[in-house]
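Q: Pasting a structure below so you can have a look.
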Amino acid sequence: MKNFVRWAVVFGVLLVALFGVFYYQREQATGRVGFPAPDFTLRDLNGRSYRLSALRGKVVFLNIWATWCPPCRMEMPSMELLHRRLQGRDFIMLAVSEDEGERTGVRAFVDEMKLTFPVLLDPEGKLPPRYGVTGYPETFVIDRNGHVVEHFIGPEDWATEEAFRFFSGLLDETAMSGGQPAR
């Protein structure tokens with residue numbers, strides 16, 4: 001009986017700790033919206049420079065990921081599908097790789113997945129602390145005025161109709177209100 005009680009206590013402590021971590025991550029996600037997105041300048045795989053502040057007037061999908069992260073790799077095909085559906089609108093998808101060192105592994109992954117959206121490199125990891133990233137992948141949706149309006153922790157299926165309607169609504173909403181999202 002003593003062993004059962006001991007294991008029950010250990011299991012209970014682990015369960016409470018796991019719930020606490022889950023709760024903290026969800027609270028972090030909901031707490032990180034409504035702020036001006038920190039500006040940055042990063043280069044893509046071809047050396048082209050992207051500055052966030054130069055994208056004002058567009059809805060920006062900012063995904064922070066790494067090639068060694070299985071959930072990141074899992075969501076990339078659905079990101080590509082969303083990117084293709086919203087192409088030609090005031091929408092830009094930026095995937096910022098946090099891989100250290102050489103770009104060859106990132107390039108190989110992008111080629112293998114046939115990704116057509118810009119993949120930026122942040123080998124020194126400067127962007128995650130500026131956005132309060134707690135793990136990979138994390139996605140920040142930035143409105144036309146440069147404010148974070150949504151934050152997603154973990155992989156998402158971006159190819160769903162729900163995701164498409166969300167971004168279409170955000171694009172339509174900000175277009176109809178002169179660039180100001182309705183609140």
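Ordering of the structure tokens sets the chain letters (A, B, ...), residue numbers begin anew at 1 in every chain, and ligands are numbered from 1 in the order given.
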Write down as a ChimeraX atom specification the residues of chain A whose backbone DSSP state falls under strand (DSSP E or B).
A: /A:36,41-44,49-51,59-65,91-97,119-121,138-142,147-153
Q: Write a file of the selected residues as an mmCIF file, in the first residue's frame, keeping N, CA and C atoms.
A:
```cif
data_model
loop_
_atom_site.group_PDB
_atom_site.id
_atom_site.type_symbol
_atom_site.label_atom_id
_atom_site.label_comp_id
_atom_site.auth_asym_id
_atom_site.auth_seq_id
_atom_site.Cartn_x
_atom_site.Cartn_y
_atom_site.Cartn_z
ATOM 1 N N PRO A 36 3.037 46.370 -30.761
ATOM 2 C CA PRO A 36 3.747 46.619 -32.025
ATOM 3 C C PRO A 36 4.796 45.525 -32.251
ATOM 4 N N THR A 41 15.439 43.155 -39.635
ATOM 5 C CA THR A 41 15.898 43.002 -41.007
ATOM 6 C C THR A 41 16.668 41.698 -41.073
ATOM 7 N N LEU A 42 16.225 40.794 -41.947
ATOM 8 C CA LEU A 42 16.889 39.504 -42.135
ATOM 9 C C LEU A 42 16.984 39.221 -43.630
ATOM 10 N N ARG A 43 17.911 38.360 -43.983
ATOM 11 C CA ARG A 43 18.094 37.977 -45.387
ATOM 12 C C ARG A 43 17.493 36.599 -45.642
ATOM 13 N N ASP A 44 17.012 36.416 -46.882
ATOM 14 C CA ASP A 44 16.501 35.102 -47.263
ATOM 15 C C ASP A 44 17.644 34.237 -47.804
ATOM 16 N N SER A 49 17.201 41.065 -48.706
ATOM 17 C CA SER A 49 16.929 41.604 -47.380
ATOM 18 C C SER A 49 15.435 41.908 -47.216
ATOM 19 N N TYR A 50 14.883 41.532 -46.061
ATOM 20 C CA TYR A 50 13.486 41.822 -45.706
ATOM 21 C C TYR A 50 13.488 42.616 -44.409
ATOM 22 N N ARG A 51 12.827 43.744 -44.433
ATOM 23 C CA ARG A 51 12.666 44.564 -43.232
ATOM 24 C C ARG A 51 11.178 44.603 -42.915
ATOM 25 N N VAL A 59 -0.687 42.253 -44.500
ATOM 26 C CA VAL A 59 -0.844 41.335 -43.376
ATOM 27 C C VAL A 59 0.344 40.381 -43.455
ATOM 28 N N VAL A 60 1.084 40.259 -42.350
ATOM 29 C CA VAL A 60 2.300 39.444 -42.324
ATOM 30 C C VAL A 60 2.076 38.207 -41.465
ATOM 31 N N PHE A 61 2.389 37.065 -42.036
ATOM 32 C CA PHE A 61 2.388 35.773 -41.350
ATOM 33 C C PHE A 61 3.853 35.501 -41.023
ATOM 34 N N LEU A 62 4.231 35.598 -39.755
ATOM 35 C CA LEU A 62 5.618 35.434 -39.331
ATOM 36 C C LEU A 62 5.741 34.134 -38.556
ATOM 37 N N ASN A 63 6.416 33.159 -39.157
ATOM 38 C CA ASN A 63 6.582 31.847 -38.545
ATOM 39 C C ASN A 63 8.042 31.672 -38.155
ATOM 40 N N ILE A 64 8.281 31.300 -36.910
ATOM 41 C CA ILE A 64 9.638 31.085 -36.410
ATOM 42 C C ILE A 64 9.799 29.577 -36.190
ATOM 43 N N TRP A 65 10.795 28.997 -36.836
ATOM 44 C CA TRP A 65 10.914 27.543 -36.916
ATOM 45 C C TRP A 65 12.375 27.111 -37.052
ATOM 46 N N PHE A 91 -0.781 40.203 -48.549
ATOM 47 C CA PHE A 91 -0.405 39.173 -47.583
ATOM 48 C C PHE A 91 1.016 38.716 -47.910
ATOM 49 N N ILE A 92 1.821 38.564 -46.882
ATOM 50 C CA ILE A 92 3.149 37.985 -47.081
ATOM 51 C C ILE A 92 3.441 36.999 -45.950
ATOM 52 N N MET A 93 3.960 35.859 -46.351
ATOM 53 C CA MET A 93 4.337 34.823 -45.395
ATOM 54 C C MET A 93 5.858 34.828 -45.294
ATOM 55 N N LEU A 94 6.356 34.936 -44.075
ATOM 56 C CA LEU A 94 7.796 34.881 -43.809
ATOM 57 C C LEU A 94 8.057 33.752 -42.822
ATOM 58 N N ALA A 95 8.924 32.834 -43.202
ATOM 59 C CA ALA A 95 9.328 31.747 -42.308
ATOM 60 C C ALA A 95 10.777 32.019 -41.912
ATOM 61 N N VAL A 96 11.009 32.240 -40.634
ATOM 62 C CA VAL A 96 12.346 32.584 -40.150
ATOM 63 C C VAL A 96 12.986 31.337 -39.534
ATOM 64 N N SER A 97 14.027 30.844 -40.208
ATOM 65 C CA SER A 97 14.741 29.662 -39.733
ATOM 66 C C SER A 97 15.708 30.049 -38.620
ATOM 67 N N VAL A 119 11.936 32.356 -47.092
ATOM 68 C CA VAL A 119 12.502 31.725 -45.905
ATOM 69 C C VAL A 119 13.717 32.559 -45.513
ATOM 70 N N LEU A 120 13.620 33.174 -44.342
ATOM 71 C CA LEU A 120 14.678 34.059 -43.854
ATOM 72 C C LEU A 120 15.578 33.310 -42.883
ATOM 73 N N LEU A 121 16.797 33.782 -42.759
ATOM 74 C CA LEU A 121 17.784 33.140 -41.889
ATOM 75 C C LEU A 121 18.099 34.021 -40.691
ATOM 76 N N GLU A 138 6.431 28.865 -33.680
ATOM 77 C CA GLU A 138 5.500 29.881 -33.203
ATOM 78 C C GLU A 138 5.199 30.805 -34.380
ATOM 79 N N THR A 139 3.940 31.196 -34.477
ATOM 80 C CA THR A 139 3.505 32.052 -35.572
ATOM 81 C C THR A 139 2.858 33.303 -35.013
ATOM 82 N N PHE A 140 3.251 34.445 -35.571
ATOM 83 C CA PHE A 140 2.698 35.742 -35.204
ATOM 84 C C PHE A 140 2.017 36.321 -36.439
ATOM 85 N N VAL A 141 0.773 36.758 -36.271
ATOM 86 C CA VAL A 141 0.049 37.413 -37.360
ATOM 87 C C VAL A 141 0.105 38.906 -37.069
ATOM 88 N N ILE A 142 0.635 39.642 -38.041
ATOM 89 C CA ILE A 142 0.864 41.079 -37.891
ATOM 90 C C ILE A 142 -0.031 41.820 -38.869
ATOM 91 N N HIS A 147 1.020 45.667 -35.955
ATOM 92 C CA HIS A 147 0.692 45.166 -34.608
ATOM 93 C C HIS A 147 0.408 43.659 -34.661
ATOM 94 N N VAL A 148 0.884 42.943 -33.656
ATOM 95 C CA VAL A 148 0.602 41.519 -33.548
ATOM 96 C C VAL A 148 -0.855 41.366 -33.129
ATOM 97 N N VAL A 149 -1.645 40.689 -33.980
ATOM 98 C CA VAL A 149 -3.067 40.514 -33.680
ATOM 99 C C VAL A 149 -3.418 39.078 -33.310
ATOM 100 N N GLU A 150 -2.533 38.135 -33.628
ATOM 101 C CA GLU A 150 -2.722 36.731 -33.233
ATOM 102 C C GLU A 150 -1.366 36.104 -33.013
ATOM 103 N N HIS A 151 -1.342 35.098 -32.153
ATOM 104 C CA HIS A 151 -0.114 34.375 -31.846
ATOM 105 C C HIS A 151 -0.483 32.913 -31.651
ATOM 106 N N PHE A 152 0.238 32.038 -32.332
ATOM 107 C CA PHE A 152 -0.023 30.601 -32.255
ATOM 108 C C PHE A 152 1.244 29.900 -31.797
ATOM 109 N N ILE A 153 1.117 29.076 -30.770
ATOM 110 C CA ILE A 153 2.230 28.265 -30.289
ATOM 111 C C ILE A 153 2.004 26.843 -30.777
#
```
Q: From the DSSP assignment of the backbone, select every residue of segment 56-183 of chain A that is helix (DSSP H, G or I), and format the answer as an MDAnalysis selection string.
A: chainID A and resid 70:86 104:113 127:131 161:176
Q: What's the separation between atom CA of Leu127 of chain A and atom CA of Ser53 of chain A, in Å to one decimal place?
A: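 Answer for the atom CA of Leu127 of chain A to atom CA of Ser53 of chain A separation: 14.4 Å.
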Q: Name the closest residue to Cys72 of chain A among the candidates A:Phe35, A:Phe117, A:Phe109, A:Trp7; distances are taken between atoms, counting only C-alpha atoms.
A: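 So, comparing all the options, the nearest one is A:Phe109.
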Q: At what distance in Å, to one decimal, does atom CA of His83 of chain A lie from atom CA of Asp157 of chain A?
A: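 Atom-to-atom, atom CA of Asp157 of chain A and atom CA of His83 of chain A are spaced 12.5 Å apart.
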Q: Could you pull the residues within 12 Å of Pro129 of chain A, counting only C-alpha atoms, minus those fewer than 6 positions along the same chain, as a list in words?
A: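 Result of the neighbour search: Pro38, Ile64, Glu98, Asp122 and Gly135 of chain A.
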Q: For atom CA of Arg85 of chain A and atom CA of Arg107 of chain A, quote the distance in Å rounded to one decimal.
A: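 Those two atoms sit 23.2 Å apart.
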Q: Which residue, A:Met79, A:Gly125, A:Lys114, A:Leu86, has the smallest gap to Gly101 of chain A when you use only C-alpha atoms?
A: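 Result for the nearest residue to Gly101 of chain A: A:Gly125.
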Q: Just checking: using only C-alpha atoms, which residue out of A:Pro71, A:Gly169, A:Pro128, A:Pro118 ends up closest to Pro155 of chain A?
A: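 Closest to Pro155 of chain A, using only C-alpha atoms: A:Pro71.
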